[in-house]
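The structure appears below as C-alpha cells.
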Amino acid sequence: MRLHSAYALLALPLRVAAEGPDYQAQFQEYLGQAQGYFESFASKLPSPNKYDPVAAAAAKAGSNKLDIISLHNWEDTLYGPVTTGSTTPEEWWVLVTGGNKTCFGHCGKVEAAFNETAGKFAIESDSPHMALLNCDEQPILCNAWFAPVGHLWIFEMLPKPSPISIFTKRLNLTTTTSDDLVQLHKDGYKTVAEQREGLFHPFDGPLAQNGVLIPVGYILWGFSLVPSWAFMILVSLFSRRMMTSRMEGQMQGGPRPAPTGQAAPRR
C-alpha cells in the first residue's frame, strides 16, 4: 500500500509560491523530501483495502465481463479501453456498492441486478463497460471519490489530458431491476443523472489536479473511525483552551470587552 502523492498534501499551500521560476528548485526539493517521508510512513500502516486478484480476473473473464475497481487499479481500468487520439468517449458504468459496514446489508438486490445487466451488455457491441466498487473492501477510494453506496457512476473516458465527464444516479436499493438499467441505457442517462463536478471529481477536480485526491481519501477514512464522542471532547478541550488564553490576556492588562449595552471607549 502506498499513499499516492501523499507528500503533495503538505506541499499544497506552497503551490502558489512555486508558480514563480525562482521557487521551482526549492519547491521540487521540498516535494522530494516530503515524498520520501510519507512513503516511509505509509509503508508501516495496515491496509484497510481488500482485493482478490484471482476473483477479479475470474469476474473479468466470465460471461459478465465485469471489472472490480480497487485503489491500485481504478485509473488504469477506466483508461484501459481508451485509444490514443479517440474523440468518442468510452462509456463506463460503475456501481458503488457495499456490504454490512457501508450498506448495512441492503445492496445485495441492486448488485444482483447490476450483474445481470452486465451479462446482457456483454453480448452487445454498443454497450458500456461495467465495473463494481465495493466500499467495504475499498474504503479509501470511496472516500476519495466521496461516493455513497447505491449510486451508479457513469464515466465518459477520453484520452489524457482531455476532461472526463462523470454522471451519477442514485438507485433504489429495493426496487431496481436489470430491466430498469437496460431501459436507462436505451433512454439515455443525462436527463436523469447528475453531472459530477467540483472538489472531489476523480480526474478534473482540484484535489485530483493537485495530486492529493487519494491522501484526502485516507484522511476522510480516518475521520470515519473516530467516534462522535471523541470529536466532542476535542471541541470541548479547544474551547476551554481558547477561554483560558482570553482570560490570561485580560489579567495581563490586555484589552477587555466593553460592558453589555455600552459603547467601547474611543482610542
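A note on labels: chains of the C-alpha cells are A, B, ... as shown, every chain counts residues from 1, and ligands are counted from 1 in their shown order.
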(request) Determine, counting only C-alpha atoms, which protein, DNA and RNA residues have an atom within 8 Å of an atom of A:Ile164; residues of the same chain fewer than 2 positions away are not included. Present the result as a count of residues only. (result) 8
Within 10 Å of stretch 47-71 of chain A, which residues of stretch 158-261 of chain A show up? Give each one with its shortest atom-to-atom distance in Å (one decimal) and the two atoms involved, counting only C-alpha atoms, rows by chain then rising residue number, as CSV.
residue,atom,partner,partner_atom,distance
A:Ile214,CA,A:Leu71,CA,8.6
A:Tyr218,CA,A:Pro48,CA,9.7
A:Trp221,CA,A:Pro48,CA,9.4
(request) Would you mind listing what lies within 12 Å of stretch 136-139 of chain A as a PyMOL selection string, with only C-alpha atoms counted and same-chain residues fewer than 2 positions away left out? (result) chain A and resi 47-52+68-74+96-105+107+132-134+141-149+214+216-225
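From atom CA of A:Thr177 back to atom CA of A:Ser127, the distance works out to 17.3 Å.
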(message) Calculated over only C-alpha atoms, which of the candidates A:Val94, A:Cys135, A:Ser178, A:Thr168 has the smallest distance to A:Lys109?
(response)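 For A:Lys109, the nearest of the given residues is A:Ser178.
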(request) Identify, on the basis of only C-alpha atoms, every residue whose closest approach to A:Ile154 does not exceed 12 Å; exclude the query and any residue fewer than 5 positions from it along the same chain; express the result as a PyMOL selection string. (result) chain A and resi 78+89-96+128-132+164-170+184-185+188-190+192-196
Just write the chosen residues, C-alpha atoms, as a compact mmCIF listing (two decimals), in the first residue's frame.
# COMPACT_ATOMS: atom_id res chain seq x y z
CA LEU A 78 -11.05 3.12 -16.68
CA PRO A 89 -15.80 8.55 -25.20
CA GLU A 90 -15.54 5.06 -23.80
CA GLU A 91 -18.55 4.68 -21.50
CA TRP A 92 -18.13 3.02 -18.12
CA TRP A 93 -20.87 2.12 -15.65
CA VAL A 94 -19.52 1.66 -12.13
CA LEU A 95 -21.85 0.55 -9.35
CA VAL A 96 -20.75 1.78 -5.93
CA PRO A 128 -20.90 0.35 -21.72
CA HIS A 129 -18.08 -1.28 -19.83
CA MET A 130 -19.20 -2.49 -16.40
CA ALA A 131 -17.41 -2.45 -13.05
CA LEU A 132 -18.06 -2.74 -9.31
CA ILE A 164 -13.66 13.47 -18.20
CA SER A 165 -17.43 13.82 -17.86
CA ILE A 166 -18.99 11.90 -14.97
CA PHE A 167 -22.68 11.42 -14.20
CA THR A 168 -24.11 9.84 -11.05
CA LYS A 169 -27.54 8.41 -10.37
CA ARG A 170 -28.92 7.12 -7.12
CA LEU A 184 -31.80 3.59 -18.64
CA HIS A 185 -29.22 2.75 -21.29
CA GLY A 188 -30.13 7.90 -22.03
CA TYR A 189 -28.88 8.87 -18.61
CA LYS A 190 -28.05 12.56 -18.95
CA VAL A 192 -31.99 11.71 -15.09
CA ALA A 193 -28.43 11.66 -13.72
CA GLU A 194 -26.49 14.45 -12.04
CA GLN A 195 -23.22 15.59 -13.56
CA ARG A 196 -20.32 15.20 -11.18
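The interatomic distance for the pair atom CA of A:Trp153 and atom CA of A:Thr117 works out to 14.8 Å.
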(message) Using only C-alpha atoms for the distances, tell me which of A:Pro159, A:Thr244, A:Asp76, A:Ser125 is nearest to A:Thr88.
(response)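 Closest candidate: A:Pro159.
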(request) Quick one: pick out all strand (DSSP E or B) residues within stretch 71-216 of chain A from a backbone DSSP run and write them as number ranges by chain. (result) A: 90-97, 129-134, 151-157, 165-170, 194-195
(request) Enumerate, as JSON, numbers by chain, the complete set of residues in stretch 55-247 of chain A that a backbone-based DSSP assignment places in helix (DSSP H, G or I). (result) {"A": [55, 56, 57, 58, 59, 60, 61, 74, 75, 76, 77, 78, 79, 108, 109, 110, 111, 112, 113, 114, 115, 116, 117, 118, 119, 120, 121, 139, 140, 141, 142, 143, 144, 145, 178, 179, 180, 181, 182, 183, 184, 185, 186, 187, 206, 207, 208, 209, 213, 214, 215, 216, 217, 218, 219, 220, 221, 222, 223, 224, 225, 228, 229, 230, 231, 232, 233, 234, 235, 236, 237, 238, 239, 240, 241, 242, 243, 244, 245, 246, 247]}
